[in-house]
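Okay, so here's the structure we're looking at.
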There are 2 protein chains.
Amino acid sequence: MIEIEKVNLQSKLNTFDAYWTPKIVGELNKQHVKLAKFKGEFVMHEHKHEDELFFVICGELFIELQEKTLHLSPGEFVVIPKGVPHKPYAPEEVSVMLFEPATTLNTGNTESDLTVTELDKI
Amino acid sequence: MIEIEKVNLQSKLNTFDAYWTPKIVGELNKQHVKLAKFKGEFVMHEHKHEDELFFVICGELFIELQEKTLHLSPGEFVVIPKGVPHKPYAPEEVSVMLFEPATTLNTGNTESDLTVTELDKI
């Protein structure tokens, strides 16, 4: 019997501080729901096979694309289609919820010291 | 060239009033992001093949399961695995975001006058 429990985003966010290290908080249909905190600049990267959704919970998120830069505030999301280079950055701390296939690597095609291959489930 | 635009949940919610009629606001990896407003009682139903995520934006959502009832407030979500009977209800209006496969029918295995087969994209 699967135990079905609700997830409170803020309670989960309170359990970690590290930036750029997504944590898995839900799984469905081979997709993961992740929470992450960002501050500073990430690397420009793309995901060859996965579309990726960024939803802002708290703070301001910028996503640099080739043609423009998106600015997301709390209660806003964007879907970055596979194959589209993007670079998230946040002058101040931002908390985000991600929705993407379980196969998604945070740095996509650009492995670096920011790459996280083993994600915690919290 | 795909136009990549952010989605503001509240702006989308302001465009409709009808209860129990999910609207598609995003697509990724053959999944849909939907917004809906609920008030009153839905039907007990299950989805044979699809896990379903309910995220509360505004208001209070109850989901009756066979063994217990979940109570979700803003900033909380739950994943209802496929095959699990569930009945959403809301004494007062609640706004929710849904993540689920594009194939998902709102009433699952229980077609009724609440069933919506053609979903609007807003």
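Labels used: A, B, ... for chains in the order of the structure tokens, numbers from 1 for residues in each chain, and numbers from 1 for ligands as shown.
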Strand (DSSP E) positions in chain A, given as a compact mmCIF listing (two decimals) with all heavy atoms, in the first residue's frame:
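Saved the output as result-v7.txt:
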# COMPACT_ATOMS: atom_id res chain seq x y z
N VAL A 7 2.54 17.33 0.43
CA VAL A 7 3.86 17.95 0.56
C VAL A 7 3.67 19.46 0.70
O VAL A 7 3.00 20.09 -0.12
CB VAL A 7 4.73 17.65 -0.68
CG1 VAL A 7 6.04 18.43 -0.63
CG2 VAL A 7 4.98 16.16 -0.80
N ASN A 8 4.25 20.01 1.76
CA ASN A 8 4.21 21.46 1.97
C ASN A 8 5.54 22.04 1.47
O ASN A 8 6.61 21.70 1.99
CB ASN A 8 4.01 21.76 3.46
CG ASN A 8 3.93 23.25 3.74
OD1 ASN A 8 4.92 23.96 3.61
ND2 ASN A 8 2.76 23.72 4.12
N LYS A 23 16.30 19.01 -5.06
CA LYS A 23 15.89 17.90 -4.21
C LYS A 23 14.57 17.34 -4.75
O LYS A 23 13.67 18.13 -5.11
CB LYS A 23 15.63 18.38 -2.77
CG LYS A 23 16.75 19.23 -2.18
CD LYS A 23 18.02 18.47 -1.96
CE LYS A 23 19.05 19.34 -1.23
NZ LYS A 23 20.37 18.67 -1.16
N ILE A 24 14.44 16.05 -4.77
CA ILE A 24 13.21 15.43 -5.27
C ILE A 24 12.16 15.41 -4.17
O ILE A 24 12.40 14.92 -3.08
CB ILE A 24 13.49 13.99 -5.76
CG1 ILE A 24 14.50 14.03 -6.92
CG2 ILE A 24 12.19 13.31 -6.19
CD1 ILE A 24 15.06 12.66 -7.27
N VAL A 25 10.98 15.97 -4.46
CA VAL A 25 9.89 15.98 -3.47
C VAL A 25 8.64 15.28 -3.98
O VAL A 25 7.66 15.14 -3.24
CB VAL A 25 9.53 17.43 -3.04
CG1 VAL A 25 10.68 18.05 -2.26
CG2 VAL A 25 9.14 18.29 -4.23
N GLY A 26 8.67 14.79 -5.21
CA GLY A 26 7.51 14.08 -5.73
C GLY A 26 7.86 13.35 -7.01
O GLY A 26 8.79 13.76 -7.73
N GLU A 27 7.15 12.26 -7.28
CA GLU A 27 7.37 11.49 -8.50
C GLU A 27 6.02 11.12 -9.08
O GLU A 27 5.11 10.69 -8.36
CB GLU A 27 8.12 10.19 -8.19
CG GLU A 27 9.47 10.40 -7.55
CD GLU A 27 10.25 9.09 -7.39
OE1 GLU A 27 10.34 8.33 -8.38
OE2 GLU A 27 10.73 8.84 -6.26
N LEU A 28 5.89 11.27 -10.38
CA LEU A 28 4.65 10.84 -11.05
C LEU A 28 4.91 10.68 -12.53
O LEU A 28 5.59 11.50 -13.14
CB LEU A 28 3.50 11.82 -10.81
CG LEU A 28 3.50 13.20 -11.44
CD1 LEU A 28 2.11 13.81 -11.36
CD2 LEU A 28 4.50 14.11 -10.76
N GLN A 31 8.13 11.40 -14.10
CA GLN A 31 8.57 12.78 -13.97
C GLN A 31 8.92 13.02 -12.49
O GLN A 31 8.38 12.36 -11.61
CB GLN A 31 7.45 13.77 -14.34
CG GLN A 31 6.70 13.43 -15.61
CD GLN A 31 7.49 13.67 -16.87
OE1 GLN A 31 8.01 14.75 -17.07
NE2 GLN A 31 7.58 12.65 -17.72
N HIS A 32 9.79 13.98 -12.27
CA HIS A 32 10.10 14.37 -10.90
C HIS A 32 9.60 15.79 -10.62
O HIS A 32 9.68 16.66 -11.49
CB HIS A 32 11.61 14.33 -10.64
CG HIS A 32 12.13 12.97 -10.33
ND1 HIS A 32 13.46 12.63 -10.43
CD2 HIS A 32 11.49 11.84 -9.91
CE1 HIS A 32 13.62 11.36 -10.09
NE2 HIS A 32 12.44 10.86 -9.78
N VAL A 33 9.13 15.99 -9.42
CA VAL A 33 8.91 17.33 -8.88
C VAL A 33 10.09 17.61 -7.98
O VAL A 33 10.41 16.79 -7.10
CB VAL A 33 7.60 17.41 -8.06
CG1 VAL A 33 7.35 18.84 -7.61
CG2 VAL A 33 6.43 16.85 -8.84
N LYS A 34 10.78 18.72 -8.22
CA LYS A 34 11.97 19.04 -7.44
C LYS A 34 11.85 20.43 -6.85
O LYS A 34 11.17 21.29 -7.42
CB LYS A 34 13.22 19.00 -8.34
CG LYS A 34 13.46 17.66 -9.01
CD LYS A 34 14.60 17.75 -10.01
CE LYS A 34 14.76 16.43 -10.78
NZ LYS A 34 15.74 16.55 -11.88
N LEU A 35 12.52 20.64 -5.74
CA LEU A 35 12.65 21.98 -5.18
C LEU A 35 14.12 22.36 -5.22
O LEU A 35 15.00 21.51 -5.01
CB LEU A 35 12.16 22.04 -3.73
CG LEU A 35 10.66 21.84 -3.52
CD1 LEU A 35 10.35 21.93 -2.04
CD2 LEU A 35 9.85 22.86 -4.31
N ALA A 36 14.38 23.64 -5.47
CA ALA A 36 15.77 24.10 -5.50
C ALA A 36 15.82 25.56 -5.05
O ALA A 36 14.83 26.29 -5.15
CB ALA A 36 16.35 23.96 -6.90
N LYS A 37 16.99 25.93 -4.54
CA LYS A 37 17.27 27.34 -4.26
C LYS A 37 18.41 27.77 -5.17
O LYS A 37 19.40 27.03 -5.32
CB LYS A 37 17.67 27.52 -2.78
CG LYS A 37 16.54 27.18 -1.82
CD LYS A 37 16.93 27.36 -0.36
CE LYS A 37 15.77 26.98 0.55
NZ LYS A 37 16.09 27.17 1.98
N PHE A 38 18.25 28.89 -5.78
CA PHE A 38 19.28 29.41 -6.68
C PHE A 38 19.75 30.76 -6.14
O PHE A 38 18.96 31.56 -5.63
CB PHE A 38 18.73 29.68 -8.08
CG PHE A 38 18.18 28.48 -8.83
CD1 PHE A 38 17.29 28.68 -9.89
CD2 PHE A 38 18.55 27.19 -8.51
CE1 PHE A 38 16.79 27.60 -10.61
CE2 PHE A 38 18.05 26.10 -9.23
CZ PHE A 38 17.16 26.31 -10.29
N LYS A 39 21.04 31.02 -6.29
CA LYS A 39 21.56 32.38 -6.08
C LYS A 39 22.84 32.50 -6.89
O LYS A 39 23.69 31.61 -6.85
CB LYS A 39 21.84 32.67 -4.61
CG LYS A 39 22.23 34.14 -4.38
CD LYS A 39 22.39 34.47 -2.91
CE LYS A 39 22.77 35.95 -2.76
NZ LYS A 39 23.01 36.30 -1.34
N GLY A 40 22.95 33.59 -7.64
CA GLY A 40 24.10 33.77 -8.51
C GLY A 40 23.80 33.27 -9.91
O GLY A 40 22.64 33.21 -10.32
N GLU A 41 24.84 32.88 -10.62
CA GLU A 41 24.68 32.48 -12.02
C GLU A 41 24.91 30.99 -12.21
O GLU A 41 25.84 30.42 -11.65
CB GLU A 41 25.69 33.23 -12.90
CG GLU A 41 25.51 34.72 -12.89
CD GLU A 41 26.13 35.38 -14.12
OE1 GLU A 41 26.66 34.68 -14.99
OE2 GLU A 41 26.07 36.61 -14.18
N GLU A 52 11.59 21.32 -19.60
CA GLU A 52 11.82 21.59 -18.18
C GLU A 52 10.93 22.77 -17.75
O GLU A 52 10.89 23.80 -18.42
CB GLU A 52 13.29 21.95 -18.00
CG GLU A 52 13.73 22.15 -16.58
CD GLU A 52 15.25 22.30 -16.48
OE1 GLU A 52 15.84 22.92 -17.38
OE2 GLU A 52 15.83 21.80 -15.49
N LEU A 53 10.25 22.59 -16.64
CA LEU A 53 9.40 23.66 -16.12
C LEU A 53 10.01 24.27 -14.87
O LEU A 53 10.41 23.55 -13.94
CB LEU A 53 8.00 23.11 -15.81
CG LEU A 53 6.96 24.14 -15.32
CD1 LEU A 53 5.55 23.70 -15.76
CD2 LEU A 53 6.97 24.30 -13.80
N PHE A 54 10.08 25.60 -14.84
CA PHE A 54 10.53 26.36 -13.66
C PHE A 54 9.33 27.14 -13.12
O PHE A 54 8.76 27.96 -13.85
CB PHE A 54 11.60 27.39 -14.04
CG PHE A 54 12.91 26.82 -14.53
CD1 PHE A 54 13.06 26.41 -15.84
CD2 PHE A 54 14.00 26.71 -13.67
CE1 PHE A 54 14.28 25.91 -16.31
CE2 PHE A 54 15.22 26.21 -14.12
CZ PHE A 54 15.36 25.81 -15.43
N PHE A 55 9.00 26.92 -11.86
CA PHE A 55 7.93 27.67 -11.20
C PHE A 55 8.54 28.40 -10.00
O PHE A 55 9.20 27.77 -9.15
CB PHE A 55 6.83 26.70 -10.73
CG PHE A 55 5.76 27.34 -9.90
CD1 PHE A 55 4.74 28.08 -10.49
CD2 PHE A 55 5.74 27.21 -8.51
CE1 PHE A 55 3.74 28.67 -9.73
CE2 PHE A 55 4.75 27.80 -7.74
CZ PHE A 55 3.75 28.54 -8.36
N VAL A 56 8.32 29.71 -9.93
CA VAL A 56 8.93 30.48 -8.84
C VAL A 56 8.01 30.50 -7.61
O VAL A 56 6.84 30.86 -7.71
CB VAL A 56 9.24 31.92 -9.28
CG1 VAL A 56 9.73 32.75 -8.10
CG2 VAL A 56 10.28 31.90 -10.39
N ILE A 57 8.58 30.10 -6.48
CA ILE A 57 7.85 30.10 -5.21
C ILE A 57 8.10 31.40 -4.46
O ILE A 57 7.17 32.04 -3.99
CB ILE A 57 8.30 28.90 -4.33
CG1 ILE A 57 8.05 27.59 -5.07
CG2 ILE A 57 7.58 28.93 -2.99
CD1 ILE A 57 8.79 26.41 -4.47
N CYS A 58 9.36 31.79 -4.35
CA CYS A 58 9.72 32.98 -3.58
C CYS A 58 10.98 33.60 -4.16
O CYS A 58 11.96 32.89 -4.40
CB CYS A 58 9.95 32.55 -2.12
SG CYS A 58 10.33 33.90 -1.00
N LEU A 61 13.48 35.18 -10.41
CA LEU A 61 14.32 34.31 -11.23
C LEU A 61 14.47 34.90 -12.63
O LEU A 61 13.48 35.31 -13.24
CB LEU A 61 13.69 32.91 -11.34
CG LEU A 61 14.37 31.93 -12.30
CD1 LEU A 61 15.78 31.57 -11.82
CD2 LEU A 61 13.53 30.65 -12.45
N PHE A 62 15.70 34.91 -13.11
CA PHE A 62 15.96 35.31 -14.49
C PHE A 62 16.46 34.08 -15.26
O PHE A 62 17.22 33.28 -14.71
CB PHE A 62 17.02 36.42 -14.53
CG PHE A 62 16.57 37.69 -13.86
CD1 PHE A 62 16.70 37.84 -12.48
CD2 PHE A 62 15.99 38.71 -14.60
CE1 PHE A 62 16.26 39.01 -11.85
CE2 PHE A 62 15.56 39.87 -13.97
CZ PHE A 62 15.69 40.02 -12.59
N ILE A 63 16.00 33.95 -16.48
CA ILE A 63 16.49 32.88 -17.35
C ILE A 63 16.91 33.50 -18.66
O ILE A 63 16.08 34.03 -19.42
CB ILE A 63 15.42 31.79 -17.58
CG1 ILE A 63 14.99 31.16 -16.25
CG2 ILE A 63 15.97 30.71 -18.52
CD1 ILE A 63 13.91 30.08 -16.38
N GLU A 64 18.23 33.44 -18.89
CA GLU A 64 18.77 34.01 -20.12
C GLU A 64 18.64 33.00 -21.25
O GLU A 64 19.06 31.85 -21.13
CB GLU A 64 20.25 34.36 -19.88
CG GLU A 64 20.90 35.12 -21.00
CD GLU A 64 22.38 35.39 -20.70
OE1 GLU A 64 22.72 35.66 -19.53
OE2 GLU A 64 23.18 35.29 -21.64
N THR A 69 15.82 37.62 -22.29
CA THR A 69 15.91 37.15 -20.91
C THR A 69 14.53 37.19 -20.28
O THR A 69 13.82 38.20 -20.38
CB THR A 69 16.88 38.02 -20.09
OG1 THR A 69 18.20 37.86 -20.63
CG2 THR A 69 16.90 37.60 -18.63
N LEU A 70 14.13 36.08 -19.67
CA LEU A 70 12.85 36.00 -18.97
C LEU A 70 13.04 36.43 -17.53
O LEU A 70 14.07 36.13 -16.92
CB LEU A 70 12.32 34.57 -19.00
CG LEU A 70 12.06 33.98 -20.38
CD1 LEU A 70 11.91 32.46 -20.28
CD2 LEU A 70 10.83 34.59 -21.01
N HIS A 71 12.03 37.09 -16.96
CA HIS A 71 12.04 37.50 -15.55
C HIS A 71 10.78 36.95 -14.90
O HIS A 71 9.68 37.35 -15.25
CB HIS A 71 12.09 39.02 -15.46
CG HIS A 71 11.98 39.54 -14.06
ND1 HIS A 71 11.78 40.86 -13.75
CD2 HIS A 71 12.04 38.90 -12.85
CE1 HIS A 71 11.71 41.01 -12.44
NE2 HIS A 71 11.86 39.85 -11.87
N LEU A 72 10.96 36.02 -13.98
CA LEU A 72 9.81 35.36 -13.34
C LEU A 72 9.72 35.75 -11.87
O LEU A 72 10.72 35.72 -11.15
CB LEU A 72 9.93 33.84 -13.44
CG LEU A 72 9.63 33.22 -14.81
CD1 LEU A 72 10.86 33.28 -15.69
CD2 LEU A 72 9.18 31.78 -14.66
N GLU A 76 4.67 32.47 -11.05
CA GLU A 76 4.87 32.41 -12.50
C GLU A 76 5.74 31.20 -12.86
O GLU A 76 6.62 30.82 -12.09
CB GLU A 76 5.53 33.69 -13.02
CG GLU A 76 4.65 34.91 -12.79
CD GLU A 76 5.23 36.21 -13.33
OE1 GLU A 76 6.46 36.32 -13.43
OE2 GLU A 76 4.45 37.12 -13.63
N PHE A 77 5.45 30.62 -14.03
CA PHE A 77 6.30 29.52 -14.49
C PHE A 77 6.61 29.69 -15.96
O PHE A 77 5.96 30.46 -16.68
CB PHE A 77 5.64 28.16 -14.24
CG PHE A 77 4.52 27.78 -15.17
CD1 PHE A 77 4.78 27.22 -16.41
CD2 PHE A 77 3.19 27.94 -14.80
CE1 PHE A 77 3.75 26.84 -17.27
CE2 PHE A 77 2.15 27.56 -15.64
CZ PHE A 77 2.44 27.02 -16.89
N VAL A 78 7.63 28.93 -16.40
CA VAL A 78 7.94 28.88 -17.83
C VAL A 78 8.37 27.46 -18.16
O VAL A 78 8.94 26.76 -17.31
CB VAL A 78 9.03 29.90 -18.23
CG1 VAL A 78 10.38 29.52 -17.64
CG2 VAL A 78 9.13 30.04 -19.75
N VAL A 79 8.05 27.04 -19.37
CA VAL A 79 8.53 25.76 -19.87
C VAL A 79 9.65 26.04 -20.86
O VAL A 79 9.46 26.79 -21.83
CB VAL A 79 7.40 24.98 -20.57
CG1 VAL A 79 7.96 23.72 -21.24
CG2 VAL A 79 6.30 24.62 -19.57
N ILE A 80 10.83 25.48 -20.60
CA ILE A 80 11.95 25.57 -21.54
C ILE A 80 11.97 24.27 -22.35
O ILE A 80 12.25 23.20 -21.80
CB ILE A 80 13.30 25.74 -20.80
CG1 ILE A 80 13.25 26.93 -19.82
CG2 ILE A 80 14.43 25.89 -21.80
CD1 ILE A 80 13.06 28.28 -20.48
N LYS A 87 20.09 29.79 -19.33
CA LYS A 87 21.00 30.02 -18.20
C LYS A 87 20.22 30.72 -17.09
O LYS A 87 19.93 31.91 -17.19
CB LYS A 87 22.16 30.90 -18.64
CG LYS A 87 23.09 31.32 -17.52
CD LYS A 87 24.16 32.28 -18.05
CE LYS A 87 24.91 32.94 -16.93
NZ LYS A 87 26.00 33.81 -17.46
N PRO A 88 19.86 29.98 -16.03
CA PRO A 88 19.17 30.62 -14.91
C PRO A 88 20.14 31.47 -14.10
O PRO A 88 21.31 31.11 -13.94
CB PRO A 88 18.70 29.44 -14.05
CG PRO A 88 18.87 28.22 -14.92
CD PRO A 88 19.97 28.53 -15.87
N TYR A 89 19.67 32.59 -13.60
CA TYR A 89 20.46 33.35 -12.63
C TYR A 89 19.52 34.13 -11.71
O TYR A 89 18.37 34.40 -12.05
CB TYR A 89 21.50 34.25 -13.29
CG TYR A 89 20.97 35.40 -14.12
CD1 TYR A 89 20.79 36.67 -13.57
CD2 TYR A 89 20.69 35.22 -15.46
CE1 TYR A 89 20.34 37.73 -14.34
CE2 TYR A 89 20.23 36.27 -16.24
CZ TYR A 89 20.04 37.52 -15.68
OH TYR A 89 19.58 38.56 -16.44
N ALA A 90 20.04 34.45 -10.55
CA ALA A 90 19.23 35.11 -9.53
C ALA A 90 20.14 36.01 -8.70
O ALA A 90 21.00 35.51 -7.98
CB ALA A 90 18.57 34.07 -8.64
N PRO A 91 19.97 37.32 -8.81
CA PRO A 91 20.81 38.24 -8.01
C PRO A 91 20.64 37.99 -6.51
O PRO A 91 21.60 38.08 -5.75
CB PRO A 91 20.28 39.62 -8.39
CG PRO A 91 19.66 39.42 -9.74
CD PRO A 91 19.09 38.04 -9.72
N GLU A 92 19.40 37.67 -6.10
CA GLU A 92 19.14 37.31 -4.71
C GLU A 92 18.55 35.90 -4.69
O GLU A 92 18.07 35.41 -5.71
CB GLU A 92 18.15 38.30 -4.07
CG GLU A 92 18.63 39.74 -4.07
CD GLU A 92 19.91 39.94 -3.27
OE1 GLU A 92 20.12 39.20 -2.30
OE2 GLU A 92 20.69 40.84 -3.65
N GLU A 93 18.51 35.29 -3.51
CA GLU A 93 18.01 33.91 -3.42
C GLU A 93 16.60 33.77 -3.97
O GLU A 93 15.72 34.59 -3.67
CB GLU A 93 18.04 33.45 -1.96
CG GLU A 93 17.53 32.03 -1.77
CD GLU A 93 17.63 31.55 -0.33
OE1 GLU A 93 18.76 31.51 0.20
OE2 GLU A 93 16.59 31.20 0.25
N VAL A 94 16.39 32.73 -4.74
CA VAL A 94 15.06 32.41 -5.25
C VAL A 94 14.80 30.92 -5.00
O VAL A 94 15.71 30.10 -5.09
CB VAL A 94 14.95 32.76 -6.76
CG1 VAL A 94 15.93 31.95 -7.59
CG2 VAL A 94 13.52 32.55 -7.27
N SER A 95 13.55 30.62 -4.62
CA SER A 95 13.14 29.23 -4.42
C SER A 95 12.25 28.83 -5.59
O SER A 95 11.31 29.55 -5.93
CB SER A 95 12.34 29.08 -3.12
OG SER A 95 13.12 29.49 -2.03
N VAL A 96 12.55 27.69 -6.18
CA VAL A 96 11.79 27.26 -7.37
C VAL A 96 11.34 25.81 -7.23
O VAL A 96 11.95 25.01 -6.53
CB VAL A 96 12.63 27.40 -8.66
CG1 VAL A 96 13.05 28.85 -8.89
CG2 VAL A 96 13.84 26.50 -8.63
N MET A 97 10.24 25.52 -7.92
CA MET A 97 9.78 24.15 -8.09
C MET A 97 10.03 23.80 -9.55
O MET A 97 9.73 24.58 -10.45
CB MET A 97 8.30 24.03 -7.74
CG MET A 97 7.75 22.63 -7.90
SD MET A 97 6.12 22.37 -7.06
CE MET A 97 5.07 23.53 -7.95
N LEU A 98 10.61 22.62 -9.76
CA LEU A 98 10.89 22.14 -11.11
C LEU A 98 10.04 20.92 -11.40
O LEU A 98 9.76 20.12 -10.51
CB LEU A 98 12.37 21.73 -11.23
CG LEU A 98 13.42 22.75 -10.79
CD1 LEU A 98 14.81 22.11 -10.74
CD2 LEU A 98 13.42 23.94 -11.74
N PHE A 99 9.66 20.80 -12.64
CA PHE A 99 8.90 19.64 -13.07
C PHE A 99 9.55 19.17 -14.35
O PHE A 99 9.63 19.91 -15.33
CB PHE A 99 7.44 20.06 -13.31
CG PHE A 99 6.52 18.93 -13.58
CD1 PHE A 99 6.29 17.94 -12.64
CD2 PHE A 99 5.84 18.85 -14.79
CE1 PHE A 99 5.42 16.90 -12.90
CE2 PHE A 99 4.97 17.81 -15.05
CZ PHE A 99 4.76 16.83 -14.11
N GLU A 100 10.09 17.95 -14.33
CA GLU A 100 10.84 17.48 -15.48
C GLU A 100 10.99 15.97 -15.41
O GLU A 100 10.78 15.37 -14.35
CB GLU A 100 12.22 18.16 -15.51
CG GLU A 100 13.03 17.97 -14.25
CD GLU A 100 14.23 18.92 -14.14
OE1 GLU A 100 14.29 19.90 -14.88
OE2 GLU A 100 15.09 18.65 -13.30
N PRO A 101 11.36 15.33 -16.53
CA PRO A 101 11.52 13.88 -16.51
C PRO A 101 12.60 13.44 -15.52
O PRO A 101 13.56 14.18 -15.26
CB PRO A 101 11.94 13.55 -17.95
CG PRO A 101 11.36 14.65 -18.77
CD PRO A 101 11.50 15.87 -17.90
Enumerate as an mmCIF file with N, CA, C and O atoms, in the first residue's frame all residues of chain A assigned to helix (DSSP H, G or I) by DSSP on the backbone, naming them with the chain letters and numbers the document uses.
data_model
loop_
_atom_site.group_PDB
_atom_site.id
_atom_site.type_symbol
_atom_site.label_atom_id
_atom_site.label_comp_id
_atom_site.auth_asym_id
_atom_site.auth_seq_id
_atom_site.Cartn_x
_atom_site.Cartn_y
_atom_site.Cartn_z
ATOM 1 N N LEU A 9 5.464 22.881 0.461
ATOM 2 C CA LEU A 9 6.698 23.375 -0.164
ATOM 3 C C LEU A 9 7.605 24.089 0.835
ATOM 4 O O LEU A 9 8.813 23.869 0.866
ATOM 5 N N GLN A 10 7.026 24.957 1.652
ATOM 6 C CA GLN A 10 7.860 25.729 2.566
ATOM 7 C C GLN A 10 8.540 24.838 3.599
ATOM 8 O O GLN A 10 9.706 25.040 3.941
ATOM 9 N N SER A 11 7.817 23.821 4.087
ATOM 10 C CA SER A 11 8.434 22.899 5.049
ATOM 11 C C SER A 11 9.629 22.189 4.430
ATOM 12 O O SER A 11 10.666 22.001 5.076
ATOM 13 N N LYS A 12 9.492 21.798 3.183
ATOM 14 C CA LYS A 12 10.614 21.129 2.500
ATOM 15 C C LYS A 12 11.766 22.111 2.261
ATOM 16 O O LYS A 12 12.941 21.759 2.420
ATOM 17 N N LEU A 13 11.424 23.335 1.879
ATOM 18 C CA LEU A 13 12.480 24.335 1.630
ATOM 19 C C LEU A 13 13.271 24.633 2.897
ATOM 20 O O LEU A 13 14.466 24.955 2.834
#
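Distance-wise, CA of Gly75 (chain B) and CA of Ala18 (chain B) end up 22.4 Å apart.
Here CA of Leu105 (chain B) is placed at a distance of 17.9 Å from CA of Ile122 (chain B).
Shortest atom-to-atom contact with chain B among A:Thr107, A:Ser112, A:Asn14, A:Asn29: A:Asn29, counting only C-alpha atoms.
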- Message: Let me make sure I understand: among B:Glu3, B:Glu111, B:Glu46, B:Glu118, which one has the smallest atom-to-atom distance to chain A if we use only C-alpha atoms?
- Response: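 Result for the nearest residue to chain A: B:Glu3.
In this model, the gap between CA of Glu50 (chain B) and CA of Gly108 (chain B) comes to 9.1 Å.
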